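What follows is the content of start.txt (compact mmCIF, C-alpha atoms).
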# COMPACT_ATOMS: atom_id res chain seq x y z
CA MET A 1 -2.84 -47.28 -1.00
CA PRO A 2 -6.34 -45.80 -1.22
CA GLY A 3 -6.51 -42.05 -1.00
CA PHE A 4 -2.73 -41.69 -0.97
CA CYS A 5 -2.71 -39.05 -3.67
CA ASP A 6 -6.06 -37.45 -2.84
CA GLY A 7 -6.11 -33.70 -3.25
CA ILE A 8 -2.63 -33.44 -4.66
CA ARG A 9 -3.75 -31.52 -7.70
CA ASP A 10 -5.58 -28.98 -5.59
CA ALA A 11 -2.72 -28.24 -3.25
CA ASN A 12 0.20 -28.56 -5.65
CA PRO A 13 -0.17 -28.00 -9.39
CA VAL A 14 1.71 -30.62 -11.35
CA GLY A 15 3.63 -27.92 -13.18
CA ASP A 16 5.55 -27.06 -10.02
CA PHE A 17 7.68 -30.16 -10.16
CA ARG A 18 10.70 -30.99 -12.26
CA PRO A 19 10.92 -34.25 -14.25
CA LEU A 20 13.00 -37.02 -12.76
CA PRO A 21 16.04 -37.46 -15.07
CA LEU A 22 17.28 -40.67 -13.47
CA LEU A 23 14.08 -42.41 -14.42
CA GLU A 24 14.06 -41.08 -17.96
CA LYS A 25 17.62 -42.12 -18.77
CA PRO A 26 17.25 -45.96 -18.60
CA ALA A 27 14.95 -45.83 -21.63
CA VAL A 28 18.05 -45.30 -23.80
CA TYR A 29 19.30 -48.78 -22.84
CA MET A 30 16.01 -50.62 -23.21
CA ASP A 31 14.94 -52.15 -26.50
CA ASN A 32 11.71 -53.63 -25.37
CA VAL A 33 8.72 -51.32 -25.73
CA LYS A 34 7.24 -52.60 -22.46
CA MET A 35 10.46 -51.81 -20.67
CA ARG A 36 10.24 -48.25 -21.90
CA ILE A 37 6.68 -47.84 -20.72
CA PHE A 38 7.26 -49.31 -17.26
CA PRO A 39 9.71 -46.66 -16.01
CA ALA A 40 7.51 -43.96 -17.52
CA ILE A 41 4.54 -45.18 -15.45
CA ILE A 42 6.67 -45.37 -12.29
CA SER A 43 8.00 -41.92 -13.05
CA ALA A 44 4.49 -40.52 -13.50
CA ILE A 45 3.29 -42.06 -10.23
CA LEU A 46 6.22 -40.64 -8.29
CA PHE A 47 5.78 -37.31 -10.05
CA LEU A 48 2.15 -37.08 -8.92
CA CYS A 49 2.66 -38.50 -5.43
CA LEU A 50 5.81 -36.61 -4.46
CA PRO A 51 3.87 -33.88 -2.60
CA ALA A 52 2.50 -36.51 -0.24
CA PHE A 53 5.97 -36.77 1.28
CA GLY A 54 5.84 -33.08 2.30
CA GLN A 55 7.20 -29.71 1.24
CA ASP A 56 10.92 -29.23 1.04
CA VAL A 57 11.55 -26.29 3.37
CA ARG A 58 15.19 -25.70 4.27
CA ASN A 59 15.84 -21.98 3.74
CA ILE A 60 13.47 -19.54 5.35
CA VAL A 61 13.83 -15.81 4.83
CA ILE A 62 12.18 -13.54 7.41
CA ASP A 63 11.51 -9.90 6.60
CA PRO A 64 11.02 -7.60 9.61
CA GLY A 65 8.67 -4.88 8.35
CA HIS A 66 9.48 -1.15 8.30
CA GLY A 67 12.68 0.22 9.93
CA GLY A 68 14.60 3.48 10.20
CA TYR A 69 12.38 6.55 9.85
CA GLU A 70 9.51 4.30 8.80
CA THR A 71 8.21 3.30 12.23
CA GLY A 72 4.91 1.68 11.23
CA VAL A 73 2.09 1.66 13.75
CA SER A 74 2.76 2.49 17.39
CA LEU A 75 1.03 1.33 20.54
CA GLU A 76 2.11 3.04 23.75
CA ASN A 77 5.89 2.52 23.81
CA THR A 78 6.00 -0.23 21.19
CA LYS A 79 6.84 0.63 17.59
CA GLU A 80 6.05 -1.77 14.80
CA LYS A 81 9.59 -1.59 13.37
CA ASP A 82 11.13 -2.70 16.71
CA PHE A 83 8.53 -5.36 17.37
CA SER A 84 8.88 -6.90 13.91
CA LEU A 85 12.67 -7.06 14.24
CA ALA A 86 12.50 -8.63 17.70
CA LEU A 87 9.98 -11.24 16.54
CA ALA A 88 12.00 -11.97 13.40
CA LYS A 89 15.11 -12.63 15.50
CA ALA A 90 13.17 -14.84 17.92
CA LEU A 91 11.62 -16.78 15.03
CA SER A 92 15.03 -17.20 13.45
CA GLU A 93 16.29 -18.82 16.68
CA ARG A 94 13.29 -21.19 16.78
CA LEU A 95 13.85 -22.23 13.16
CA LYS A 96 17.55 -22.84 13.76
CA GLU A 97 16.59 -25.07 16.69
CA ASN A 98 14.53 -27.00 14.14
CA ARG A 99 17.67 -27.30 11.96
CA LYS A 100 16.50 -24.81 9.38
CA LYS A 101 18.50 -22.09 7.75
CA ALA A 102 16.95 -18.73 8.61
CA ASP A 103 18.03 -15.36 7.20
CA LEU A 104 16.70 -11.88 7.86
CA THR A 105 16.36 -9.12 5.28
CA ARG A 106 17.45 -6.64 7.95
CA THR A 107 19.11 -7.24 11.32
CA VAL A 108 19.33 -3.62 12.51
CA ASP A 109 17.00 -0.63 12.67
CA ARG A 110 17.35 0.78 9.15
CA HIS A 111 15.03 1.72 6.33
CA MET A 112 14.85 -0.56 3.30
CA THR A 113 12.84 -0.04 0.13
CA ILE A 114 10.55 -2.78 -1.09
CA GLU A 115 12.94 -3.51 -3.95
CA GLU A 116 15.88 -3.80 -1.54
CA ARG A 117 13.92 -6.23 0.62
CA SER A 118 13.01 -8.29 -2.43
CA ALA A 119 16.63 -8.40 -3.64
CA SER A 120 17.89 -9.29 -0.15
CA ALA A 121 15.36 -12.12 0.19
CA GLU A 122 16.04 -13.52 -3.27
CA SER A 123 19.78 -13.55 -2.64
CA HIS A 124 19.16 -16.25 0.02
CA ARG A 125 17.09 -18.37 -2.41
CA PRO A 126 14.27 -18.99 0.08
CA ASP A 127 12.01 -22.04 0.17
CA VAL A 128 9.59 -19.96 2.24
CA PHE A 129 9.36 -16.19 2.74
CA ILE A 130 7.67 -14.61 5.77
CA SER A 131 7.25 -10.85 6.19
CA ILE A 132 6.38 -9.74 9.73
CA HIS A 133 4.25 -6.67 10.43
CA ALA A 134 1.84 -5.53 13.13
CA ALA A 135 -1.46 -3.66 13.14
CA ASP A 136 -3.66 -1.88 15.63
CA THR A 137 -6.30 -4.58 15.41
CA GLY A 138 -7.50 -7.50 17.50
CA ARG A 139 -6.92 -10.34 15.03
CA PHE A 140 -4.18 -11.90 12.96
CA THR A 141 -4.21 -11.01 9.27
CA PHE A 142 -2.39 -13.11 6.68
CA TYR A 143 -1.73 -11.53 3.31
CA ILE A 144 -0.82 -13.42 0.20
CA SER A 145 -0.08 -11.96 -3.20
CA ARG A 146 -2.64 -10.76 -5.71
CA ILE A 147 -1.12 -10.28 -9.12
CA PRO A 148 -2.53 -7.23 -10.95
CA GLY A 149 -4.86 -7.88 -13.91
CA ALA A 150 -3.91 -9.43 -17.21
CA GLU A 151 -3.29 -6.08 -18.92
CA ALA A 152 -0.88 -5.05 -16.20
CA SER A 153 1.07 -8.29 -16.21
CA GLY A 154 1.80 -8.38 -19.92
CA ALA A 155 5.21 -8.22 -21.52
CA ASP A 156 6.04 -4.72 -20.32
CA GLN A 157 8.11 -3.07 -17.65
CA TYR A 158 5.78 -4.18 -14.88
CA ALA A 159 5.96 -7.90 -15.65
CA ALA A 160 8.72 -8.50 -13.09
CA SER A 161 6.15 -8.31 -10.31
CA GLY A 162 4.49 -11.60 -11.25
CA ARG A 163 6.97 -14.26 -10.08
CA GLN A 164 4.68 -15.29 -7.26
CA ARG A 165 1.97 -16.46 -9.67
CA GLU A 166 3.03 -20.13 -9.68
CA PHE A 167 3.35 -20.25 -5.87
CA LEU A 168 -0.02 -18.75 -4.98
CA GLU A 169 -1.62 -22.02 -3.87
CA GLN A 170 1.39 -22.94 -1.73
CA SER A 171 1.37 -19.46 -0.18
CA ARG A 172 -2.31 -19.85 0.64
CA GLU A 173 -1.62 -23.23 2.28
CA LEU A 174 1.31 -21.82 4.26
CA ALA A 175 -0.91 -18.96 5.52
CA ARG A 176 -3.64 -21.40 6.47
CA THR A 177 -1.35 -23.70 8.48
CA MET A 178 0.22 -20.79 10.36
CA ALA A 179 -3.21 -19.27 11.01
CA ASP A 180 -4.46 -22.56 12.49
CA VAL A 181 -1.63 -22.67 15.03
CA LEU A 182 -1.83 -18.97 15.98
CA LYS A 183 -5.61 -19.04 16.36
CA GLU A 184 -5.36 -22.06 18.64
CA GLU A 185 -2.48 -20.64 20.68
CA PHE A 186 -3.85 -17.12 21.25
CA LYS A 187 -7.62 -17.69 20.91
CA LEU A 188 -7.89 -14.82 18.42
CA ASP A 189 -9.46 -14.65 14.97
CA ALA A 190 -7.40 -14.76 11.82
CA ALA A 191 -8.22 -13.40 8.37
CA LEU A 192 -6.69 -14.19 4.99
CA ARG A 193 -6.47 -11.41 2.39
CA GLU A 194 -5.08 -11.21 -1.10
CA LEU A 195 -3.43 -7.87 -1.87
CA PRO A 196 -1.17 -6.62 -4.67
CA LEU A 197 1.86 -6.32 -2.40
CA GLY A 198 4.95 -5.75 -4.52
CA LEU A 199 7.22 -7.59 -2.10
CA LEU A 200 5.14 -10.78 -2.16
CA ASN A 201 4.45 -10.52 -5.91
CA SER A 202 8.18 -10.61 -6.63
CA MET A 203 8.92 -13.72 -4.56
CA GLY A 204 9.81 -16.96 -6.33
CA ALA A 205 8.73 -19.06 -3.33
CA PRO A 206 5.68 -19.45 -1.07
CA ALA A 207 5.36 -16.03 0.55
CA VAL A 208 3.12 -14.69 3.33
CA LEU A 209 2.93 -11.34 5.12
CA ILE A 210 1.65 -11.66 8.70
CA GLU A 211 0.13 -8.77 10.62
CA ILE A 212 0.34 -9.47 14.35
CA PRO A 213 -2.44 -7.76 16.35
CA PHE A 214 -1.23 -5.23 18.89
CA ARG A 215 -4.59 -5.47 20.65
CA GLY A 216 -5.42 -8.73 22.38
CA LEU A 217 -1.86 -9.78 23.16
CA ASP A 218 1.25 -8.37 24.80
CA PRO A 219 3.64 -7.50 21.98
CA GLU A 220 6.74 -7.89 24.15
CA GLY A 221 5.61 -10.53 26.65
CA ASP A 222 4.20 -12.84 23.98
CA LEU A 223 7.23 -12.70 21.70
CA THR A 224 8.46 -16.22 22.53
CA ARG A 225 4.99 -17.76 22.20
CA LEU A 226 4.51 -16.01 18.87
CA SER A 227 7.85 -17.27 17.55
CA TYR A 228 7.10 -20.85 18.61
CA ALA A 229 3.62 -20.71 17.05
CA ILE A 230 4.86 -19.37 13.70
CA ALA A 231 7.70 -21.91 13.64
CA GLN A 232 5.18 -24.66 14.37
CA GLY A 233 2.99 -23.40 11.51
CA ILE A 234 5.93 -23.64 9.10
CA LYS A 235 6.69 -27.15 10.41
CA ASN A 236 3.08 -28.21 9.87
CA TYR A 237 3.17 -26.81 6.34
CA GLU A 238 6.35 -28.75 5.65
CA GLN A 239 4.84 -32.00 6.86
CA GLN A 240 1.69 -31.75 4.75
CA MET B 241 -18.62 97.08 11.05
CA ASN B 242 -18.36 96.15 14.67
CA ASN B 243 -16.35 93.27 16.11
CA ASN B 244 -19.30 90.89 16.30
CA SER B 245 -20.17 91.33 12.66
CA ARG B 246 -16.56 90.86 11.61
CA THR B 247 -16.27 87.61 13.63
CA ALA B 248 -19.50 86.30 12.14
CA LEU B 249 -18.20 87.07 8.63
CA VAL B 250 -14.93 85.22 9.26
CA LEU B 251 -16.71 82.20 10.71
CA TRP B 252 -19.10 82.13 7.76
CA ALA B 253 -16.15 82.25 5.33
CA ILE B 254 -14.35 79.43 7.17
CA PHE B 255 -17.52 77.35 7.23
CA SER B 256 -18.10 77.97 3.51
CA VAL B 257 -14.53 76.90 2.64
CA LEU B 258 -14.81 73.78 4.78
CA PHE B 259 -18.21 72.96 3.23
CA ILE B 260 -16.90 73.29 -0.32
CA ALA B 261 -13.75 71.30 0.57
CA GLY B 262 -15.91 68.58 2.08
CA ILE B 263 -18.09 68.34 -1.02
CA TYR B 264 -15.02 68.16 -3.28
CA GLY B 265 -13.30 65.60 -1.07
CA GLY B 266 -16.43 63.48 -1.01
CA TYR B 267 -16.68 63.66 -4.77
CA LEU B 268 -13.06 62.52 -5.16
CA TYR B 269 -13.48 59.72 -2.61
CA PHE B 270 -16.64 58.25 -4.10
CA SER B 271 -15.59 58.73 -7.74
CA GLN B 272 -12.32 56.79 -7.10
CA LYS B 273 -14.11 53.99 -5.27
CA ALA B 274 -16.81 53.62 -7.90
CA ALA B 275 -14.35 52.78 -10.69
CA PRO B 276 -12.76 49.55 -9.29
CA GLU B 277 -15.99 48.35 -7.75
CA GLY B 278 -16.99 46.62 -10.99
CA GLU B 279 -13.61 44.89 -11.33
CA GLU B 280 -13.67 43.59 -7.75
CA ALA B 281 -17.16 42.22 -8.14
CA ALA B 282 -15.98 40.14 -11.07
CA SER B 283 -13.32 38.31 -8.99
CA VAL B 284 -15.68 37.23 -6.21
CA PRO B 285 -17.51 33.93 -6.84
CA VAL B 286 -21.11 34.95 -7.16
CA SER B 287 -22.63 32.16 -9.18
CA GLN B 288 -22.52 28.39 -9.53
CA GLU B 289 -20.39 28.81 -12.65
CA ASP B 290 -17.45 29.45 -10.29
CA THR B 291 -18.03 26.23 -8.37
CA ALA B 292 -17.06 22.81 -9.62
CA PHE B 293 -18.60 19.57 -8.34
CA LEU B 294 -15.79 17.03 -8.14
CA LYS B 295 -15.89 13.33 -7.42
CA VAL B 296 -13.76 12.42 -4.41
CA TYR B 297 -13.15 8.83 -3.28
CA TYR B 298 -12.64 8.38 0.47
CA PRO B 299 -11.21 5.16 1.92
CA VAL B 300 -13.69 4.06 4.57
CA GLY B 301 -12.88 0.72 6.16
CA GLY B 302 -12.13 -1.79 3.45
CA SER B 303 -13.86 0.08 0.63
CA LEU B 304 -14.11 3.45 -1.09
CA LYS B 305 -16.98 5.89 -0.63
CA MET B 306 -17.59 8.37 -3.45
CA GLN B 307 -18.88 11.87 -2.71
CA GLU B 308 -19.46 14.84 -4.99
CA ARG B 309 -17.93 17.88 -3.33
CA PRO B 310 -18.48 21.52 -4.39
CA VAL B 311 -15.16 23.34 -4.62
CA PRO B 312 -14.28 26.79 -6.00
CA ARG B 313 -12.58 26.81 -9.38
CA LYS B 314 -9.02 27.82 -8.58
CA SER B 315 -6.59 25.27 -10.00
CA GLY B 316 -7.30 22.09 -12.00
CA PRO B 317 -10.12 19.77 -10.95
CA SER B 318 -7.77 16.88 -10.10
CA GLU B 319 -5.78 19.04 -7.71
CA GLU B 320 -8.88 20.45 -6.05
CA ALA B 321 -10.36 16.97 -5.70
CA LEU B 322 -7.19 15.63 -4.07
CA LYS B 323 -7.23 18.56 -1.64
CA GLU B 324 -10.78 17.59 -0.72
CA LEU B 325 -9.68 13.99 -0.21
CA PHE B 326 -6.99 15.00 2.28
CA LYS B 327 -9.44 17.27 4.12
CA GLY B 328 -11.81 14.36 4.52
CA ARG B 329 -10.41 12.50 7.51
CA GLU B 330 -12.45 14.18 10.20
CA THR B 331 -15.82 14.36 8.47
CA GLN B 332 -15.86 11.13 6.52
CA GLY B 333 -14.45 8.67 9.04
CA ALA B 334 -11.67 7.95 6.56
CA VAL B 335 -9.04 7.04 9.13
CA ALA B 336 -6.56 5.81 6.51
CA VAL B 337 -6.16 9.39 5.24
CA PRO B 338 -3.12 10.88 6.98
CA ARG B 339 -3.39 14.33 8.60
CA GLY B 340 -1.85 17.55 7.31
CA VAL B 341 -1.08 16.41 3.76
CA LYS B 342 -0.64 19.25 1.27
CA VAL B 343 -1.15 18.77 -2.45
CA ASN B 344 1.91 20.49 -3.90
CA ALA B 345 0.88 20.06 -7.53
CA VAL B 346 -0.99 17.84 -9.95
CA TYR B 347 0.10 17.81 -13.58
CA LYS B 348 -0.20 15.58 -16.62
CA GLY B 349 2.66 14.40 -18.80
CA GLU B 350 2.49 14.08 -22.58
CA ASP B 351 2.04 10.33 -22.19
CA GLY B 352 -1.24 10.85 -20.31
CA ILE B 353 0.23 9.94 -16.92
CA VAL B 354 -0.98 12.23 -14.13
CA TYR B 355 1.58 13.08 -11.44
CA ALA B 356 0.28 13.92 -7.97
CA ASP B 357 2.95 15.63 -5.90
CA LEU B 358 2.11 15.36 -2.19
CA SER B 359 3.85 16.75 0.88
CA ASP B 360 5.97 14.56 3.14
CA GLU B 361 3.13 14.27 5.69
CA VAL B 362 1.57 11.57 3.52
CA LYS B 363 4.44 9.30 4.66
CA THR B 364 5.24 10.62 8.12
CA ASN B 365 1.61 10.81 9.30
CA PHE B 366 0.41 7.53 7.79
CA GLU B 367 -0.33 4.85 10.36
CA GLY B 368 -2.17 1.85 9.11
CA SER B 369 -2.20 -1.71 7.90
CA ALA B 370 -1.37 -2.99 4.43
CA LEU B 371 -5.08 -2.86 3.60
CA ASP B 372 -5.35 0.75 4.82
CA GLU B 373 -2.43 1.70 2.61
CA LEU B 374 -3.92 -0.02 -0.42
CA MET B 375 -7.22 1.80 0.17
CA LEU B 376 -5.43 5.16 0.36
CA VAL B 377 -3.49 4.52 -2.86
CA THR B 378 -6.71 3.38 -4.55
CA ALA B 379 -8.57 6.47 -3.30
CA ILE B 380 -5.88 8.76 -4.73
CA TYR B 381 -5.95 6.92 -8.07
CA GLU B 382 -9.75 6.86 -8.34
CA THR B 383 -10.08 10.53 -7.35
CA LEU B 384 -7.56 11.55 -10.02
CA SER B 385 -9.16 9.28 -12.60
CA ALA B 386 -12.74 10.46 -11.92
CA ASN B 387 -11.77 14.09 -12.52
CA ASN B 388 -9.48 13.44 -15.46
CA PRO B 389 -11.13 11.10 -17.98
CA MET B 390 -8.12 11.10 -20.32
CA MET B 391 -5.74 9.92 -17.61
CA ALA B 392 -3.64 6.94 -18.72
CA ASP B 393 -2.21 6.22 -15.26
CA ALA B 394 -1.13 7.98 -12.08
CA VAL B 395 2.20 8.42 -10.32
CA ILE B 396 2.30 9.49 -6.67
CA LEU B 397 5.29 11.70 -5.87
CA VAL B 398 6.37 12.84 -2.41
CA GLU B 399 7.95 16.30 -2.26
CA ALA B 400 8.48 16.19 -6.03
CA SER B 401 10.47 12.93 -5.90
CA GLU B 402 9.62 9.34 -6.73
CA ALA B 403 8.81 7.40 -3.55
CA ASP B 404 9.11 3.74 -2.66
CA SER B 405 5.84 3.54 -0.72
CA ILE B 406 3.60 5.57 1.55
CA GLY B 407 3.60 3.25 4.57
CA GLY B 408 6.00 0.43 3.71
CA HIS B 409 3.53 -2.07 2.22
CA ILE B 410 2.36 -0.95 -1.22
CA SER B 411 4.95 0.00 -3.83
CA ILE B 412 4.32 3.34 -5.55
CA ALA B 413 7.66 3.37 -7.36
CA ARG B 414 5.80 2.77 -10.64
CA PRO B 415 2.50 4.10 -11.99
CA VAL B 416 -0.05 2.75 -9.54
CA GLY B 417 -2.86 2.00 -11.99
CA ARG B 418 -1.05 -0.73 -13.86
CA GLY B 419 1.68 -1.48 -11.32
CA VAL B 420 -0.60 -2.00 -8.31
CA LEU B 421 -4.28 -1.98 -9.23
CA GLY B 422 -4.21 -3.49 -12.73
CA ARG B 423 -6.46 -0.70 -14.01
CA GLY B 424 -4.47 1.88 -15.94
CA ARG B 425 -4.26 2.19 -19.70
CA ARG B 426 -1.09 1.73 -21.68
CA ALA B 427 0.66 5.11 -21.79
CA ARG B 428 0.69 6.77 -25.20
Rendering of file as structure tokens:
Amino acid sequence: MPGFCDGIRDANPVGDFRPLPLLEKPAVYMDNVKMRIFPAIISAILFLCLPAFGQDVRNIVIDPGHGGYETGVSLENTKEKDFSLALAKALSERLKENRKKADLTRTVDRHMTIEERSASAESHRPDVFISIHAADTGRFTFYISRIPGAEASGADQYAASGRQREFLEQSRELARTMADVLKEEFKLDAALRELPLGLLNSMGAPAVLIEIPFRGLDPEGDLTRLSYAIAQGIKNYEQQ
Amino acid sequence: MNNNSRTALVLWAIFSVLFIAGIYGGYLYFSQKAAPEGEEAASVPVSQEDTAFLKVYYPVGGSLKMQERPVPRKSGPSEEALKELFKGRETQGAVAVPRGVKVNAVYKGEDGIVYADLSDEVKTNFEGSALDELMLVTAIYETLSANNPMMADAVILVEASEADSIGGHISIARPVGRGVLGRGRRAR
């Protein structure tokens, strides 16, 4: 099939995938050299082409930003901590309608440290991690992780922050697919930034922090549209 | 001696006593004031030797803007520079700098790590995006580093305690140079 595997290496590094044990085992029973090579070739083809069948996204963890005394930005009567929790709950409902498992790092108005959020998210073993924030701007901003420099990520006490390294490309792709849907739905610009955010750096899964603009949309009235658009972005990412 | 002469004599005596008392009082007053005048003059900044020019990094938009600010030599240069940074919101357009932040103390540990102890307003008055918060943390780090060349790294404390973050995005639980910015040196 021409072009079937085009671009696979760019979007999904080969190192992200596990070997296929069922295709390695038959070699034990085969004496013929050709019969050993044949399954290896099939195995290699499947190994390289597996991403073409889509991402495996079953568990999604949603992190509503801020909480408790940490209110985040405020616009008139809307506080970022309340908005992010409301949107996270709405998004969770949309994902469950799509037969996904969705968990929240917090379900009530309480403060959590970055480490507590990370531990809570990791306990659900996410396939995708989304952190929801808001900003007093007029465009969507998508943040993905930037791992601090080589000196900082060496074998020392700070090395734990680098788990995101092998998922950076997938995180970028997830951000891009969600941005496409939100831009189309709300006719607003979207920006992608890489920042050394401890929460994202510690995630062992594709991870994106979204800042929803308080200007240019109605934070409360557009909650349902926002949740549908983000859920659609995750669905599009899964189908790529 | 008639009455008029006697009255004139008494008045002259009173005037003389008052005159002498005035001269003596004036002598005491001016002699006491003259002594500490030299000491007081020494404590007032009179020359440029009492002024330090410190590098302060202000977060403006998505980048840092460096300015050299003249400040009187009172405490250490890092502390004075940080105070300048937190004064800078109005004049520099540095909207990511929260209002009313006090620099409680700046001190250096034996391992070369500089600790900046800030008042709680740095958390309660911060309102900004993840990028704004990163720029503020970077401004604090660069301001400390520029005025303390031997600094190995920097830790931001809030009311003398370790803090999770300033605004909920960027972790400051560890030294920010290596933990966030990838810039610090290995502590000795």
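Within 7 Å of region 74-87 of chain A there are Pro64, Gly65, His66, Gly67, Thr71, Ala90, Leu91, Ile132, His133, Ala134, Leu223 and Ser227 of chain A, counting only C-alpha atoms and ignoring same-chain residues fewer than 3 positions away.
If you count only C-alpha atoms and ignore residues fewer than 2 places along the chain from Glu402 (chain B), what sits within 10 Å of it is Asp357, Val395, Ile396, Leu397, Val398, Glu399, Ala400, Asp404, Ser405, Ile412, Ala413 and Arg414 of chain B.
Comparing B:Arg339, B:Val250, B:Leu325, B:Ser359 by their smallest distance to Met306 (chain B), the closest is B:Leu325 (using only C-alpha atoms).
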For region 174-184 of chain A: contacts at 9 Å, all atoms listed in the file, fewer than 4 positions along chain excluded, given as a VMD selection string: chain A and resid 128 139 to 144 169 to 170 188 to 192 206 to 210 226 229 to 238
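CA of Arg58 (chain A) to CA of Glu115 (chain A) spans 23.8 Å [interatomic distance, one decimal].
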Distance CA of Asp136 (chain A)-CA of Lys187 (chain A), one decimal place? 17.1 Å
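In terms of minimum interatomic distance to Tyr228 (chain A), A:Leu95 ranks closest within A:Leu197, A:Ile114, A:Leu95, A:Leu104, counting only C-alpha atoms.
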In terms of all atoms listed in the file, the residue from B:Phe259, B:Val346, B:Ala379, B:Asp372 at minimal distance from chain A is B:Asp372
Rows by chain and residue number, chain B within 9 Å of chain A, shortest pair, all atoms listed in the file, as JSON lines:
{"residue": "B:Lys363", "atom": "CA", "partner": "A:Glu70", "partner_atom": "CA", "distance": 8.2}
{"residue": "B:Thr364", "atom": "CA", "partner": "A:Glu70", "partner_atom": "CA", "distance": 7.7}
{"residue": "B:Phe366", "atom": "CA", "partner": "A:Gly72", "partner_atom": "CA", "distance": 8.1}
{"residue": "B:Glu367", "atom": "CA", "partner": "A:Val73", "partner_atom": "CA", "distance": 5.2}
{"residue": "B:Gly368", "atom": "CA", "partner": "A:Val73", "partner_atom": "CA", "distance": 6.3}
{"residue": "B:Ser369", "atom": "CA", "partner": "A:Ala135", "partner_atom": "CA", "distance": 5.6}
{"residue": "B:Ala370", "atom": "CA", "partner": "A:Leu195", "partner_atom": "CA", "distance": 8.2}
{"residue": "B:Leu371", "atom": "CA", "partner": "A:Leu195", "partner_atom": "CA", "distance": 7.6}
{"residue": "B:Leu374", "atom": "CA", "partner": "A:Leu195", "partner_atom": "CA", "distance": 8.0}
{"residue": "B:Asp404", "atom": "CA", "partner": "A:Thr113", "partner_atom": "CA", "distance": 6.0}
{"residue": "B:Ser405", "atom": "CA", "partner": "A:Ile114", "partner_atom": "CA", "distance": 7.9}
{"residue": "B:Gly407", "atom": "CA", "partner": "A:Gly72", "partner_atom": "CA", "distance": 7.0}
{"residue": "B:Gly408", "atom": "CA", "partner": "A:His66", "partner_atom": "CA", "distance": 6.0}
{"residue": "B:His409", "atom": "CA", "partner": "A:Leu197", "partner_atom": "CA", "distance": 6.5}
{"residue": "B:Ile410", "atom": "CA", "partner": "A:Leu197", "partner_atom": "CA", "distance": 5.5}
{"residue": "B:Ser411", "atom": "CA", "partner": "A:Gly198", "partner_atom": "CA", "distance": 5.8}
{"residue": "B:Arg414", "atom": "CA", "partner": "A:Tyr158", "partner_atom": "CA", "distance": 8.1}
{"residue": "B:Gly417", "atom": "CA", "partner": "A:Ala152", "partner_atom": "CA", "distance": 8.4}
{"residue": "B:Arg418", "atom": "CA", "partner": "A:Ala152", "partner_atom": "CA", "distance": 4.9}
{"residue": "B:Gly419", "atom": "CA", "partner": "A:Tyr158", "partner_atom": "CA", "distance": 6.1}
{"residue": "B:Val420", "atom": "CA", "partner": "A:Pro196", "partner_atom": "CA", "distance": 5.9}
{"residue": "B:Leu421", "atom": "CA", "partner": "A:Pro148", "partner_atom": "CA", "distance": 5.8}
{"residue": "B:Gly422", "atom": "CA", "partner": "A:Pro148", "partner_atom": "CA", "distance": 4.5}
{"residue": "B:Arg423", "atom": "CA", "partner": "A:Gly149", "partner_atom": "CA", "distance": 7.4}
{"residue": "B:Gly424", "atom": "CA", "partner": "A:Ala152", "partner_atom": "CA", "distance": 7.8}
{"residue": "B:Arg425", "atom": "CA", "partner": "A:Glu151", "partner_atom": "CA", "distance": 8.4}
{"residue": "B:Arg426", "atom": "CA", "partner": "A:Glu151", "partner_atom": "CA", "distance": 8.6}
C-alpha atoms of the current selection, written as a PDB file, in the coordinates of the input:
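Output saved as again22.pdb:
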ATOM      1  CA  LYS B 363       4.440   9.300   4.660  1.00  0.00           C
ATOM      2  CA  THR B 364       5.240  10.620   8.120  1.00  0.00           C
ATOM      3  CA  PHE B 366       0.410   7.530   7.790  1.00  0.00           C
ATOM      4  CA  GLU B 367      -0.330   4.850  10.360  1.00  0.00           C
ATOM      5  CA  GLY B 368      -2.170   1.850   9.110  1.00  0.00           C
ATOM      6  CA  SER B 369      -2.200  -1.710   7.900  1.00  0.00           C
ATOM      7  CA  ALA B 370      -1.370  -2.990   4.430  1.00  0.00           C
ATOM      8  CA  LEU B 371      -5.080  -2.860   3.600  1.00  0.00           C
ATOM      9  CA  LEU B 374      -3.920  -0.020  -0.420  1.00  0.00           C
ATOM     10  CA  ASP B 404       9.110   3.740  -2.660  1.00  0.00           C
ATOM     11  CA  SER B 405       5.840   3.540  -0.720  1.00  0.00           C
ATOM     12  CA  GLY B 407       3.600   3.250   4.570  1.00  0.00           C
ATOM     13  CA  GLY B 408       6.000   0.430   3.710  1.00  0.00           C
ATOM     14  CA  HIS B 409       3.530  -2.070   2.220  1.00  0.00           C
ATOM     15  CA  ILE B 410       2.360  -0.950  -1.220  1.00  0.00           C
ATOM     16  CA  SER B 411       4.950   0.000  -3.830  1.00  0.00           C
ATOM     17  CA  ARG B 414       5.800   2.770 -10.640  1.00  0.00           C
ATOM     18  CA  GLY B 417      -2.860   2.000 -11.990  1.00  0.00           C
ATOM     19  CA  ARG B 418      -1.050  -0.730 -13.860  1.00  0.00           C
ATOM     20  CA  GLY B 419       1.680  -1.480 -11.320  1.00  0.00           C
ATOM     21  CA  VAL B 420      -0.600  -2.000  -8.310  1.00  0.00           C
ATOM     22  CA  LEU B 421      -4.280  -1.980  -9.230  1.00  0.00           C
ATOM     23  CA  GLY B 422      -4.210  -3.490 -12.730  1.00  0.00           C
ATOM     24  CA  ARG B 423      -6.460  -0.700 -14.010  1.00  0.00           C
ATOM     25  CA  GLY B 424      -4.470   1.880 -15.940  1.00  0.00           C
ATOM     26  CA  ARG B 425      -4.260   2.190 -19.700  1.00  0.00           C
ATOM     27  CA  ARG B 426      -1.090   1.730 -21.680  1.00  0.00           C
TER      28      ARG B 426
END
